[in-house]
$ cat query39.cif   # mmCIF, C-alpha atoms
data_model
#
loop_
_atom_site.label_atom_id
_atom_site.label_comp_id
_atom_site.auth_asym_id
_atom_site.auth_seq_id
_atom_site.Cartn_x
_atom_site.Cartn_y
_atom_site.Cartn_z
CA MET K 240 10.58 4.39 40.75
CA THR K 241 9.96 8.11 40.87
CA LEU K 242 7.55 9.46 38.30
CA PRO K 243 8.51 12.60 36.43
CA GLU K 244 6.63 15.74 37.50
CA GLU K 245 3.35 16.14 35.66
CA GLY K 246 4.49 19.55 34.46
CA THR K 247 7.52 17.93 32.82
CA LEU K 248 5.35 15.32 31.12
CA ARG K 249 3.02 18.04 29.83
CA LYS K 250 5.93 20.04 28.46
CA ILE K 251 7.30 16.99 26.62
CA ALA K 252 3.83 16.19 25.24
CA THR K 253 3.37 19.79 24.09
CA PHE K 254 6.67 19.80 22.25
CA VAL K 255 6.17 16.39 20.62
CA ALA K 256 2.57 17.14 19.60
CA ALA K 257 3.63 20.45 18.05
CA PHE K 258 6.38 18.64 16.14
CA GLY K 259 3.81 16.05 15.01
CA ILE K 260 1.55 18.79 13.67
CA GLY K 261 4.53 20.01 11.64
CA VAL K 262 5.25 16.57 10.17
CA ALA K 263 1.59 15.83 9.34
CA THR K 264 1.11 19.29 7.85
CA TYR K 265 4.12 18.79 5.56
CA ILE K 266 2.74 15.46 4.30
CA ALA K 267 -0.73 16.96 3.76
CA ILE K 268 0.63 19.99 1.89
CA ALA K 269 2.89 17.83 -0.30
CA ASP K 270 -0.09 15.62 -1.17
CA SER K 271 -2.51 18.49 -1.81
CA GLY K 272 -0.21 19.80 -4.54
CA GLY K 273 -0.55 16.50 -6.35
CA GLY K 274 2.94 15.47 -5.33
CA ALA K 275 4.42 13.47 -2.50
CA PRO K 276 6.66 14.16 0.49
CA VAL K 277 10.36 14.14 -0.35
CA CYS K 278 12.29 11.35 1.36
CA LEU K 279 15.28 13.17 2.86
CA ALA K 280 17.43 10.03 2.78
CA GLY K 281 16.61 9.48 -0.91
CA GLY K 282 14.63 6.68 -2.52
CA SER K 283 11.06 6.65 -3.74
CA GLY K 284 9.43 5.20 -0.63
CA CYS K 285 7.57 8.39 0.27
CA GLU K 286 6.19 8.70 -3.26
CA THR K 287 5.12 5.06 -3.36
CA VAL K 288 3.35 5.33 -0.01
CA ALA K 289 1.72 8.67 -0.92
CA ASN K 290 0.44 7.23 -4.21
CA SER K 291 -0.95 4.10 -2.60
CA THR K 292 -4.68 3.78 -2.03
CA TYR K 293 -4.03 3.34 1.68
CA SER K 294 -2.90 6.96 1.95
CA HIS K 295 -6.49 8.19 1.99
CA LEU K 296 -9.35 7.48 4.34
CA LEU K 297 -12.83 8.25 2.98
CA GLY K 298 -11.19 10.36 0.31
CA VAL K 299 -9.22 12.45 2.79
CA ASN K 300 -5.45 12.20 3.14
CA ILE K 301 -4.57 10.40 6.37
CA ALA K 302 -2.16 13.22 7.21
CA VAL K 303 -5.18 15.49 7.71
CA PHE K 304 -6.46 13.12 10.39
CA GLY K 305 -2.93 13.21 11.78
CA ILE K 306 -3.03 17.00 12.07
CA ILE K 307 -6.38 16.80 13.91
CA GLY K 308 -5.06 14.08 16.23
CA TYR K 309 -1.87 15.95 17.08
CA ALA K 310 -3.82 19.17 17.62
CA LEU K 311 -6.13 17.42 20.12
CA LEU K 312 -3.10 15.91 21.85
CA LEU K 313 -1.54 19.37 21.99
CA ALA K 314 -4.73 20.72 23.58
CA ALA K 315 -4.73 17.87 26.13
CA SER K 316 -1.13 18.61 27.04
CA LEU K 317 -1.93 22.28 27.64
CA MET K 318 -4.94 21.55 29.84
CA ARG K 319 -5.01 20.52 33.48
CA GLY K 320 -7.23 18.03 35.21
CA ASP K 321 -8.43 14.48 34.87
CA GLU K 322 -10.34 15.07 31.61
CA ALA K 323 -7.12 16.20 29.93
CA ARG K 324 -5.15 13.29 31.44
CA MET K 325 -7.64 10.70 30.26
CA GLY K 326 -8.40 12.36 26.94
CA GLY K 327 -4.69 12.60 26.10
CA PHE K 328 -4.18 8.95 27.01
CA VAL K 329 -7.07 7.66 24.85
CA LEU K 330 -6.15 9.87 21.88
CA ALA K 331 -2.52 8.76 22.04
CA LEU K 332 -3.59 5.12 22.27
CA ILE K 333 -5.79 5.45 19.16
CA GLY K 334 -2.98 7.32 17.38
CA LEU K 335 -0.42 4.69 18.28
CA GLY K 336 -2.69 1.78 17.29
CA TYR K 337 -3.41 3.32 13.91
CA SER K 338 0.27 4.21 13.38
CA VAL K 339 1.22 0.57 14.01
CA PHE K 340 -1.36 -0.50 11.41
CA LEU K 341 -0.02 2.03 8.88
CA THR K 342 3.54 0.84 9.46
CA TYR K 343 2.36 -2.74 8.88
CA LEU K 344 0.81 -1.62 5.56
CA GLU K 345 4.07 0.04 4.53
CA LEU K 346 6.12 -3.04 5.33
CA PHE K 347 3.86 -5.81 4.08
CA LYS K 348 1.34 -4.32 1.64
CA ILE K 349 2.91 -1.33 -0.05
CA ASP K 350 6.49 -2.61 0.21
CA ALA K 351 7.85 0.86 0.72
CA ILE K 352 8.81 2.92 3.74
CA CYS K 353 8.11 6.64 4.01
CA GLN K 354 10.42 8.34 6.48
CA TRP K 355 7.82 10.96 7.32
CA CYS K 356 5.30 8.27 8.23
CA VAL K 357 7.90 6.50 10.36
CA ALA K 358 8.74 9.80 12.05
CA SER K 359 5.05 10.33 12.81
CA ALA K 360 4.73 6.80 14.22
CA VAL K 361 7.73 7.39 16.51
CA LEU K 362 6.26 10.72 17.71
CA MET K 363 2.95 9.00 18.40
CA ALA K 364 4.73 6.26 20.38
CA VAL K 365 6.46 8.94 22.51
CA LEU K 366 3.14 10.72 23.03
CA PHE K 367 1.54 7.47 24.14
CA ALA K 368 4.34 6.78 26.65
CA VAL K 369 4.12 10.30 28.07
CA ASN K 370 0.31 10.41 28.22
CA ALA K 371 0.08 6.90 29.71
CA THR K 372 2.56 7.90 32.44
CA ARG K 373 0.59 11.07 33.07
CA MET K 374 -2.71 9.21 33.27
CA VAL K 375 -1.58 6.32 35.46
CA GLY K 376 0.57 8.50 37.68
CA TYR K 377 -1.64 11.51 38.22
CA VAL K 378 -5.28 10.78 37.48
CA GLY K 379 -7.51 11.47 40.50
CA ARG K 380 -4.89 13.71 42.02
CA THR K 381 -5.00 17.48 42.39
CA ALA K 382 -3.89 19.28 39.27
CA MET C 146 -8.49 23.13 77.16
CA SER C 147 -6.12 20.31 76.37
CA GLY C 148 -9.09 17.90 76.06
CA LYS C 149 -10.76 20.22 73.55
CA SER C 150 -7.69 20.58 71.34
CA SER C 151 -7.18 16.85 71.46
CA ARG C 152 -10.74 16.32 70.19
CA GLU C 153 -10.15 18.86 67.39
CA ALA C 154 -6.94 17.13 66.40
CA ARG C 155 -8.74 13.78 66.25
CA ARG C 156 -11.53 15.38 64.20
CA GLU C 157 -9.06 16.88 61.76
CA ALA C 158 -7.23 13.58 61.46
CA ARG C 159 -10.53 11.82 60.81
CA LEU C 160 -11.55 14.37 58.18
CA GLN C 161 -8.16 14.15 56.54
CA GLY C 162 -8.40 10.38 56.51
CA GLU C 163 -11.88 10.55 54.96
CA GLY C 164 -10.60 13.00 52.36
CA GLU C 165 -7.75 10.68 51.47
CA ASP C 166 -10.13 7.73 51.29
CA ALA C 167 -12.42 9.71 48.97
CA ALA C 168 -9.48 10.76 46.78
CA GLY C 169 -8.23 7.21 46.67
CA GLU C 170 -11.68 5.96 45.77
CA ARG C 171 -12.00 8.58 43.03
CA ARG C 172 -8.58 7.68 41.62
CA LYS C 173 -9.53 4.01 41.63
CA ARG C 174 -12.76 4.77 39.77
CA LEU C 175 -10.94 6.94 37.24
CA LEU C 176 -8.37 4.20 36.58
CA GLN C 177 -11.23 1.73 36.05
CA LEU C 178 -12.77 4.21 33.63
CA GLY C 179 -9.36 4.46 31.95
CA SER C 180 -9.37 0.68 31.43
CA ALA C 181 -12.79 0.92 29.79
CA LEU C 182 -11.48 3.71 27.58
CA VAL C 183 -8.59 1.47 26.48
CA PHE C 184 -11.20 -0.95 25.20
CA LEU C 185 -13.01 1.87 23.38
CA ALA C 186 -9.71 3.03 21.87
CA ILE C 187 -9.04 -0.48 20.56
CA VAL C 188 -12.52 -0.55 19.02
CA ALA C 189 -11.87 2.87 17.44
CA VAL C 190 -8.61 1.65 15.90
CA ALA C 191 -10.34 -1.49 14.62
CA VAL C 192 -13.04 0.65 12.97
CA LEU C 193 -10.37 2.86 11.36
CA ILE C 194 -8.58 -0.22 10.02
CA VAL C 195 -11.78 -1.69 8.55
CA VAL C 196 -12.70 1.64 6.93
CA ASN C 197 -9.20 2.00 5.53
CA GLN C 198 -9.21 -1.56 4.15
CA ASN C 199 -12.60 -1.10 2.49
CA ASP C 200 -11.60 2.31 1.21
CA SER C 201 -8.47 0.94 -0.43
CA GLY C 202 -10.25 -1.79 -2.31
CA GLY C 203 -10.36 -4.78 -0.05
CA GLY C 204 -6.91 -5.39 1.38
CA ASP C 205 -6.36 -9.11 1.28
CA THR C 206 -7.98 -9.80 -2.05
CA SER C 207 -7.00 -13.19 -3.34
CA LEU C 208 -5.92 -13.46 -6.95
CA GLU C 209 -7.70 -15.81 -9.27
CA ASP C 210 -6.05 -18.50 -11.37
CA THR C 211 -2.57 -18.11 -9.89
CA GLU C 212 -1.97 -21.85 -10.02
CA LEU C 213 -3.56 -22.17 -13.46
CA VAL C 214 -1.23 -19.56 -14.94
CA ASP C 215 1.74 -21.10 -13.19
CA GLY C 216 0.81 -24.51 -14.60
CA ASP C 217 0.29 -23.17 -18.14
CA LEU C 218 3.74 -21.61 -18.23
CA ARG C 219 5.74 -24.06 -16.14
CA GLY C 220 8.79 -25.42 -17.90
CA ILE C 221 8.79 -22.87 -20.72
CA PRO C 222 11.85 -20.57 -20.77
CA GLN C 223 11.27 -16.84 -20.49
CA SER C 224 13.48 -13.90 -21.30
CA GLY C 225 12.13 -10.39 -20.87
CA LEU C 226 8.62 -10.52 -22.33
CA THR C 227 9.49 -13.39 -24.63
CA LEU C 228 8.10 -16.82 -23.88
CA GLY C 229 9.76 -19.88 -25.36
CA ASN C 230 13.04 -20.93 -26.84
CA GLU C 231 15.06 -17.84 -27.73
CA ASN C 232 16.51 -19.64 -30.76
CA ALA C 233 13.11 -20.55 -32.21
CA ALA C 234 13.01 -19.63 -35.90
CA VAL C 235 9.60 -17.97 -35.74
CA THR C 236 8.49 -15.19 -33.42
CA LEU C 237 4.82 -14.54 -32.86
CA VAL C 238 4.36 -11.01 -31.52
CA GLU C 239 1.32 -9.98 -29.55
CA PHE C 240 0.73 -6.26 -29.30
CA GLY C 241 -1.48 -5.98 -26.25
CA ASP C 242 -2.78 -3.63 -23.61
CA LEU C 243 -3.07 -5.17 -20.17
CA GLN C 244 -6.30 -3.27 -19.53
CA CYS C 245 -7.90 -4.51 -22.75
CA PRO C 246 -10.81 -6.92 -22.17
CA VAL C 247 -10.47 -8.49 -25.64
CA CYS C 248 -6.82 -9.27 -24.84
CA LYS C 249 -8.04 -10.98 -21.68
CA GLY C 250 -10.35 -13.14 -23.79
CA PHE C 251 -7.47 -14.05 -26.09
CA SER C 252 -5.26 -14.79 -23.12
CA GLU C 253 -7.80 -17.23 -21.74
CA GLN C 254 -9.09 -18.89 -24.89
CA ILE C 255 -6.63 -18.62 -27.75
CA VAL C 256 -3.09 -17.97 -26.52
CA PRO C 257 -2.89 -21.11 -24.29
CA GLU C 258 -3.62 -23.28 -27.31
CA VAL C 259 -0.87 -21.61 -29.32
CA ILE C 260 1.55 -21.98 -26.42
CA ASP C 261 0.80 -25.68 -26.14
CA ALA C 262 0.94 -26.33 -29.87
CA LYS C 263 3.86 -24.17 -30.97
CA VAL C 264 5.75 -22.52 -28.10
CA ARG C 265 6.23 -25.38 -25.68
CA SER C 266 7.70 -27.49 -28.47
CA GLY C 267 10.22 -24.79 -29.36
CA GLU C 268 8.81 -24.24 -32.85
CA ALA C 269 8.03 -20.61 -32.13
CA LYS C 270 8.51 -18.07 -29.40
CA LEU C 271 5.82 -15.65 -28.27
CA GLU C 272 6.72 -12.07 -27.55
CA PHE C 273 4.47 -9.57 -25.80
CA ARG C 274 4.86 -5.95 -26.78
CA ASN C 275 2.94 -3.25 -24.95
CA PHE C 276 0.57 -1.25 -27.13
CA THR C 277 -1.02 1.13 -24.62
CA ILE C 278 -4.28 2.42 -26.00
CA ILE C 279 -6.87 2.04 -23.26
CA SER C 280 -5.76 4.75 -20.83
CA GLN C 281 -2.73 6.29 -19.19
CA GLU C 282 -2.86 3.57 -16.53
CA SER C 283 -1.83 1.05 -19.16
CA VAL C 284 1.66 2.59 -19.14
CA PRO C 285 2.60 1.75 -15.50
CA ALA C 286 0.89 -1.62 -15.96
CA GLY C 287 3.00 -2.33 -19.05
CA ALA C 288 6.17 -1.12 -17.32
CA ALA C 289 5.36 -3.40 -14.39
CA ALA C 290 5.22 -6.33 -16.83
CA VAL C 291 8.56 -5.28 -18.32
CA ALA C 292 10.07 -5.17 -14.81
CA ALA C 293 8.66 -8.62 -14.04
CA GLY C 294 10.24 -9.82 -17.30
CA GLN C 295 13.61 -8.66 -16.02
CA GLN C 296 13.26 -11.29 -13.32
CA GLY C 297 12.04 -14.03 -15.64
CA ARG C 298 8.36 -13.75 -14.69
CA GLY C 299 7.07 -11.44 -17.42
CA TRP C 300 4.57 -13.87 -18.91
CA ASN C 301 3.34 -14.97 -15.51
CA PHE C 302 2.68 -11.30 -14.76
CA ILE C 303 0.89 -10.69 -18.06
CA GLU C 304 -1.30 -13.78 -17.84
CA LEU C 305 -2.13 -13.24 -14.17
CA PHE C 306 -2.96 -9.59 -14.85
CA TYR C 307 -5.40 -10.60 -17.57
CA ARG C 308 -7.01 -13.23 -15.35
CA ASN C 309 -7.57 -10.63 -12.63
CA GLN C 310 -8.31 -7.70 -14.88
CA GLY C 311 -10.82 -5.17 -13.53
CA PRO C 312 -13.47 -3.18 -15.39
CA GLU C 313 -11.94 -0.98 -18.08
CA VAL C 314 -10.59 2.36 -16.78
CA SER C 315 -12.11 1.86 -13.33
CA GLY C 316 -8.97 2.89 -11.48
CA TYR C 317 -8.12 -0.62 -10.31
CA VAL C 318 -4.55 -0.42 -11.64
CA THR C 319 -3.07 0.76 -8.35
CA ASP C 320 0.35 0.12 -6.84
CA GLU C 321 -1.26 -2.45 -4.55
CA PHE C 322 -2.92 -4.27 -7.45
CA LEU C 323 0.31 -4.36 -9.45
CA THR C 324 2.26 -5.53 -6.40
CA GLU C 325 -0.28 -8.26 -5.75
CA ILE C 326 0.00 -9.44 -9.36
CA ALA C 327 3.80 -9.38 -9.15
CA ARG C 328 3.70 -11.43 -5.95
CA GLY C 329 1.22 -13.89 -7.46
CA ALA C 330 3.36 -14.12 -10.57
CA GLY C 331 6.29 -15.18 -8.42
CA VAL C 332 8.54 -12.18 -9.05
CA PRO C 333 11.37 -13.04 -6.65
CA ASP C 334 12.60 -9.58 -5.67
CA ILE C 335 9.64 -7.25 -5.19
CA GLY C 336 11.86 -4.39 -4.04
CA ARG C 337 13.91 -4.54 -7.24
CA TRP C 338 10.74 -4.94 -9.32
CA ASN C 339 9.33 -1.82 -7.64
CA ARG C 340 12.37 0.19 -8.67
CA ASP C 341 12.59 -1.31 -12.15
CA ARG C 342 8.95 -0.69 -13.04
CA LYS C 343 9.41 3.03 -12.39
CA SER C 344 12.69 3.25 -14.25
CA GLN C 345 12.99 5.30 -17.39
CA ALA C 346 14.19 2.20 -19.24
CA ALA C 347 10.95 0.31 -18.55
CA LEU C 348 8.77 3.31 -19.42
CA ASN C 349 10.80 3.89 -22.59
CA GLN C 350 10.30 0.27 -23.63
CA VAL C 351 6.52 0.68 -23.28
CA SER C 352 6.46 3.85 -25.35
CA ARG C 353 8.83 2.37 -27.93
CA THR C 354 6.67 -0.70 -28.59
CA THR C 355 3.53 1.47 -28.64
CA ALA C 356 5.15 3.70 -31.27
CA GLU C 357 6.18 0.60 -33.20
CA ALA C 358 2.60 -0.69 -33.23
CA GLN C 359 1.37 2.64 -34.51
CA LYS C 360 4.07 2.63 -37.18
CA LEU C 361 2.86 -0.81 -38.28
CA GLY C 362 -0.60 0.69 -38.72
CA LEU C 363 -2.19 -1.26 -35.87
CA THR C 364 -5.32 0.30 -34.43
CA GLY C 365 -6.54 -2.16 -31.81
CA THR C 366 -5.50 -4.77 -29.30
CA PRO C 367 -4.67 -7.52 -29.36
CA SER C 368 -2.92 -7.40 -32.71
CA PHE C 369 -0.54 -10.10 -33.81
CA ALA C 370 2.44 -10.16 -36.12
CA VAL C 371 4.78 -12.92 -37.15
CA ILE C 372 8.49 -12.84 -37.93
CA GLY C 373 10.22 -15.83 -39.50
CA PRO C 374 12.56 -17.01 -42.24
CA SER C 375 9.71 -17.09 -44.77
CA SER C 376 7.91 -13.94 -43.67
CA ASN C 377 8.29 -10.58 -45.26
CA GLY C 378 9.90 -8.93 -42.23
CA VAL C 379 7.30 -8.17 -39.59
CA GLU C 380 4.14 -9.59 -41.10
CA VAL C 381 1.03 -8.13 -39.52
CA LEU C 382 -1.72 -10.66 -38.85
CA GLY C 383 -4.25 -8.33 -37.25
CA THR C 384 -6.58 -10.01 -34.79
CA PRO C 385 -7.16 -13.60 -35.94
CA GLY C 386 -10.29 -15.25 -34.62
CA SER C 387 -8.81 -18.59 -33.66
CA ALA C 388 -5.69 -20.32 -32.40
CA GLY C 389 -5.65 -22.31 -35.64
CA GLN C 390 -5.11 -19.17 -37.70
CA LEU C 391 -2.17 -18.14 -35.53
CA GLU C 392 -0.68 -21.61 -35.74
CA ALA C 393 -1.05 -21.61 -39.53
CA ALA C 394 0.70 -18.24 -39.72
CA ILE C 395 3.58 -19.61 -37.64
CA GLU C 396 3.90 -22.59 -39.98
CA THR C 397 3.86 -20.36 -43.05
CA ALA C 398 6.54 -18.06 -41.61
CA GLY C 399 8.77 -20.97 -40.56
#
$ encode --input "query39.cif" --output "structure tokens"
Amino acid sequence: MTLPEEGTLRKIATFVAAFGIGVATYIAIADSGGGAPVCLAGGSGCETVANSTYSHLLGVNIAVFGIIGYALLLAASLMRGDEARMGGFVLALIGLGYSVFLTYLELFKIDAICQWCVASAVLMAVLFAVNATRMVGYVGRTA
Amino acid sequence: MSGKSSREARREARLQGEGEDAAGERRKRLLQLGSALVFLAIVAVAVLIVVNQNDSGGGDTSLEDTELVDGDLRGIPQSGLTLGNENAAVTLVEFGDLQCPVCKGFSEQIVPEVIDAKVRSGEAKLEFRNFTIISQESVPAGAAAVAAGQQGRGWNFIELFYRNQGPEVSGYVTDEFLTEIARGAGVPDIGRWNRDRKSQAALNQVSRTTAEAQKLGLTGTPSFAVIGPSSNGVEVLGTPGSAGQLEAAIETAG
């Protein structure tokens, strides 16, 4: 199987990470105003999730950690070399693992689904696939 | 001349081979490092999960007295927030606030006796009406009880809430807490309950009964009232100190 060019993988990662920053920023802004993200498909899932105690980590909205994570992934996608390849892979793995946990909370603890959180989890899964391919395929090779 | 160039070619090939070996070795080491980092990433996620669970109040907290409440109420019909035979001549009304610690005491020590003596037999029915006086959080709690009542588990919700009540106005009345109570109370459709508890109808019912309590001149919870063929409309009993007093009031109103 032929691997995609590293440049292509980096471009995809850059685009997805930038999109992720947008999604996380929207959630954080909606929460900072005392409200909740608006579920575009209707329903009160976003509000229920935003009002749940799981939406904050050490008093800070999880979306803020999301912005930081996506920003670091964006930086890794813009950089060359093995440090960027490995850093992007580890960050995406942490992001994906935590996203899976948050989705579990939505489904089984909060009993509500927030589309914005699902969107973020999907973006994180794409970033993990791209960064894992980049790491396994190109680490130790000339940038 | 040809011997010299041949030696150079062999040297270059050897150097190239060594370079490739070194690159291969480096790549192998980096991939091993990557495997170690996977482990670290898993640890990092585990730490985040533990912090999040602790931060949100404990995650898998187990409710107390679920089976006790279930046993106390088993076999008694429920409709909305009314416990007992709908056609019972006498209605004992409890105006309560789910966050009220005195109501919790009544729920554990006095109300079960009344249920056993008068409600289970069909002599009287017991109706809970929200009288939200502790804090704003009592409103969503009361509406959650109303929504549970719409699925025939109102009294299970109320009793289980009291048994697992937290310190007054400590912020424990969260969506997770209410959901856990609803689950423990056996509300069959949690999704529907979630919608119903936020509906205007449920919130209106809470504010309506609170206004009614105020109109009756009640100032604290729990306050009781009795309605029966021999009572003078809604007869306010206040906060009787024993089950016997409530039972006597039911007999007088009947």
$ closest_atom_pairs --input "query39.cif" --of "stretch 189-268 of chain C" --to "stretch 317-341 of chain K" --cutoff "9 Å" --atoms "all atoms listed in the file" --output "Markdown table"
| residue | atom | partner | partner_atom | distance |
| --- | --- | --- | --- | --- |
| C:Ala189 | CA | K:Ile333 | CA | 6.8 |
| C:Val190 | CA | K:Ile333 | CA | 5.7 |
| C:Ala191 | CA | K:Tyr337 | CA | 8.5 |
| C:Leu193 | CA | K:Tyr337 | CA | 7.4 |
| C:Ile194 | CA | K:Phe340 | CA | 7.4 |
$ resolve_selection --input "query39.cif" --expression "the PyMOL selection byres ((chain C) within 7 of (chain K))" --output "list in words"
Ala168, Arg171, Arg172, Leu175, Gly179, Leu182, Val183, Ala186, Ile187, Ala189, Val190, Asn197, Asp200, Ser201, Thr319, Asp320 and Glu321 of chain C
$ resolve_selection --input "query39.cif" --expression "the PyMOL selection byres ((chain K and resi 258) around 12)" --output "count of residues only"
28
$ residues_around --input "query39.cif" --residues "stretch 288-302 of chain C" --least-positions-apart "6" --cutoff "8 Å" --atoms "only C-alpha atoms" --output "MDAnalysis selection string"
chainID C and resid 214:215 218 223:228 323 326:327 329:334 338:339 341:343 347:348 350:351
$ write_last_selection --input "query39.cif" --atoms "C-alpha atoms" --output "PDB file, keeping the file's coordinate frame"
ATOM      1  CA  VAL C 214      -1.230 -19.560 -14.940  1.00  0.00           C
ATOM      2  CA  ASP C 215       1.740 -21.100 -13.190  1.00  0.00           C
ATOM      3  CA  LEU C 218       3.740 -21.610 -18.230  1.00  0.00           C
ATOM      4  CA  GLN C 223      11.270 -16.840 -20.490  1.00  0.00           C
ATOM      5  CA  SER C 224      13.480 -13.900 -21.300  1.00  0.00           C
ATOM      6  CA  GLY C 225      12.130 -10.390 -20.870  1.00  0.00           C
ATOM      7  CA  LEU C 226       8.620 -10.520 -22.330  1.00  0.00           C
ATOM      8  CA  THR C 227       9.490 -13.390 -24.630  1.00  0.00           C
ATOM      9  CA  LEU C 228       8.100 -16.820 -23.880  1.00  0.00           C
ATOM     10  CA  LEU C 323       0.310  -4.360  -9.450  1.00  0.00           C
ATOM     11  CA  ILE C 326       0.000  -9.440  -9.360  1.00  0.00           C
ATOM     12  CA  ALA C 327       3.800  -9.380  -9.150  1.00  0.00           C
ATOM     13  CA  GLY C 329       1.220 -13.890  -7.460  1.00  0.00           C
ATOM     14  CA  ALA C 330       3.360 -14.120 -10.570  1.00  0.00           C
ATOM     15  CA  GLY C 331       6.290 -15.180  -8.420  1.00  0.00           C
ATOM     16  CA  VAL C 332       8.540 -12.180  -9.050  1.00  0.00           C
ATOM     17  CA  PRO C 333      11.370 -13.040  -6.650  1.00  0.00           C
ATOM     18  CA  ASP C 334      12.600  -9.580  -5.670  1.00  0.00           C
ATOM     19  CA  TRP C 338      10.740  -4.940  -9.320  1.00  0.00           C
ATOM     20  CA  ASN C 339       9.330  -1.820  -7.640  1.00  0.00           C
ATOM     21  CA  ASP C 341      12.590  -1.310 -12.150  1.00  0.00           C
ATOM     22  CA  ARG C 342       8.950  -0.690 -13.040  1.00  0.00           C
ATOM     23  CA  LYS C 343       9.410   3.030 -12.390  1.00  0.00           C
ATOM     24  CA  ALA C 347      10.950   0.310 -18.550  1.00  0.00           C
ATOM     25  CA  LEU C 348       8.770   3.310 -19.420  1.00  0.00           C
ATOM     26  CA  GLN C 350      10.300   0.270 -23.630  1.00  0.00           C
ATOM     27  CA  VAL C 351       6.520   0.680 -23.280  1.00  0.00           C
TER      28      VAL C 351
END
$ atom_distance --input "query39.cif" --atom1 "atom CA of C:Gly216" --atom2 "atom CA of C:Glu258"
13.5 Å
$ residues_around --input "query39.cif" --residues "C:Thr366" --least-positions-apart "6" --cutoff "9 Å" --atoms "all atoms listed in the file" --output "PyMOL selection string"
chain C and resi 239-242+245+247-248+276-278+383-384
$ resolve_selection --input "query39.cif" --expression "the PyMOL selection byres ((chain C and resi 392) around 10)" --output "VMD selection string"
chain C and resid 237 258 to 260 262 to 263 269 387 to 391 393 to 398
$ write_last_selection --input "query39.cif" --atoms "C-alpha atoms" --output "PDB file, keeping the file's coordinate frame"
ATOM      1  CA  LEU C 237       4.820 -14.540 -32.860  1.00  0.00           C
ATOM      2  CA  GLU C 258      -3.620 -23.280 -27.310  1.00  0.00           C
ATOM      3  CA  VAL C 259      -0.870 -21.610 -29.320  1.00  0.00           C
ATOM      4  CA  ILE C 260       1.550 -21.980 -26.420  1.00  0.00           C
ATOM      5  CA  ALA C 262       0.940 -26.330 -29.870  1.00  0.00           C
ATOM      6  CA  LYS C 263       3.860 -24.170 -30.970  1.00  0.00           C
ATOM      7  CA  ALA C 269       8.030 -20.610 -32.130  1.00  0.00           C
ATOM      8  CA  SER C 387      -8.810 -18.590 -33.660  1.00  0.00           C
ATOM      9  CA  ALA C 388      -5.690 -20.320 -32.400  1.00  0.00           C
ATOM     10  CA  GLY C 389      -5.650 -22.310 -35.640  1.00  0.00           C
ATOM     11  CA  GLN C 390      -5.110 -19.170 -37.700  1.00  0.00           C
ATOM     12  CA  LEU C 391      -2.170 -18.140 -35.530  1.00  0.00           C
ATOM     13  CA  ALA C 393      -1.050 -21.610 -39.530  1.00  0.00           C
ATOM     14  CA  ALA C 394       0.700 -18.240 -39.720  1.00  0.00           C
ATOM     15  CA  ILE C 395       3.580 -19.610 -37.640  1.00  0.00           C
ATOM     16  CA  GLU C 396       3.900 -22.590 -39.980  1.00  0.00           C
ATOM     17  CA  THR C 397       3.860 -20.360 -43.050  1.00  0.00           C
ATOM     18  CA  ALA C 398       6.540 -18.060 -41.610  1.00  0.00           C
TER      19      ALA C 398
END
$ residues_around --input "query39.cif" --residues "K:Ile352" --least-positions-apart "4" --cutoff "7 Å" --atoms "all atoms listed in the file" --output "list of chain:residue names"
K:Gly284, K:Cys285, K:Glu345, K:Leu346
$ residues_around --input "query39.cif" --residues "stretch 266-281 of chain K" --least-positions-apart "5" --cutoff "7 Å" --atoms "all atoms listed in the file" --output "list of chain:residue names"
K:Glu286, K:Ala289, K:Asn300, K:Ala302, K:Val303, K:Cys353, K:Gln354
$ atom_distance --input "query39.cif" --atom1 "atom CA of C:Gly267" --atom2 "atom CA of C:Thr355"
27.1 Å
$ atom_distance --input "query39.cif" --atom1 "atom CA of C:Gly220" --atom2 "atom CA of C:Pro257"
14.0 Å
$ residues_around --input "query39.cif" --residues "C:Gly229" --least-positions-apart "6" --cutoff "7 Å" --atoms "all atoms listed in the file" --output "PyMOL selection string"
chain C and resi 221-223+264-265+267+270-271
$ decode --input "query39.cif" --residues "stretch 260-266 of chain K" --atoms "N, CA and C atoms" --output "PDB file, in the first residue's frame"
ATOM      1  N   ILE K 260     -10.058  24.053  16.068  1.00  0.00           N
ATOM      2  CA  ILE K 260      -9.931  25.280  16.884  1.00  0.00           C
ATOM      3  C   ILE K 260     -11.239  26.076  16.795  1.00  0.00           C
ATOM      4  N   GLY K 261     -11.797  26.129  15.577  1.00  0.00           N
ATOM      5  CA  GLY K 261     -13.053  26.859  15.386  1.00  0.00           C
ATOM      6  C   GLY K 261     -14.185  26.260  16.217  1.00  0.00           C
ATOM      7  N   VAL K 262     -14.313  24.952  16.177  1.00  0.00           N
ATOM      8  CA  VAL K 262     -15.392  24.270  16.918  1.00  0.00           C
ATOM      9  C   VAL K 262     -15.219  24.485  18.426  1.00  0.00           C
ATOM     10  N   ALA K 263     -13.997  24.248  18.922  1.00  0.00           N
ATOM     11  CA  ALA K 263     -13.744  24.384  20.366  1.00  0.00           C
ATOM     12  C   ALA K 263     -13.929  25.828  20.823  1.00  0.00           C
ATOM     13  N   THR K 264     -13.521  26.760  19.975  1.00  0.00           N
ATOM     14  CA  THR K 264     -13.671  28.179  20.331  1.00  0.00           C
ATOM     15  C   THR K 264     -15.155  28.539  20.439  1.00  0.00           C
ATOM     16  N   TYR K 265     -15.962  28.027  19.514  1.00  0.00           N
ATOM     17  CA  TYR K 265     -17.401  28.312  19.572  1.00  0.00           C
ATOM     18  C   TYR K 265     -17.995  27.802  20.887  1.00  0.00           C
ATOM     19  N   ILE K 266     -17.646  26.568  21.260  1.00  0.00           N
ATOM     20  CA  ILE K 266     -18.187  25.991  22.503  1.00  0.00           C
ATOM     21  C   ILE K 266     -17.742  26.836  23.700  1.00  0.00           C
TER      22      ILE K 266
END
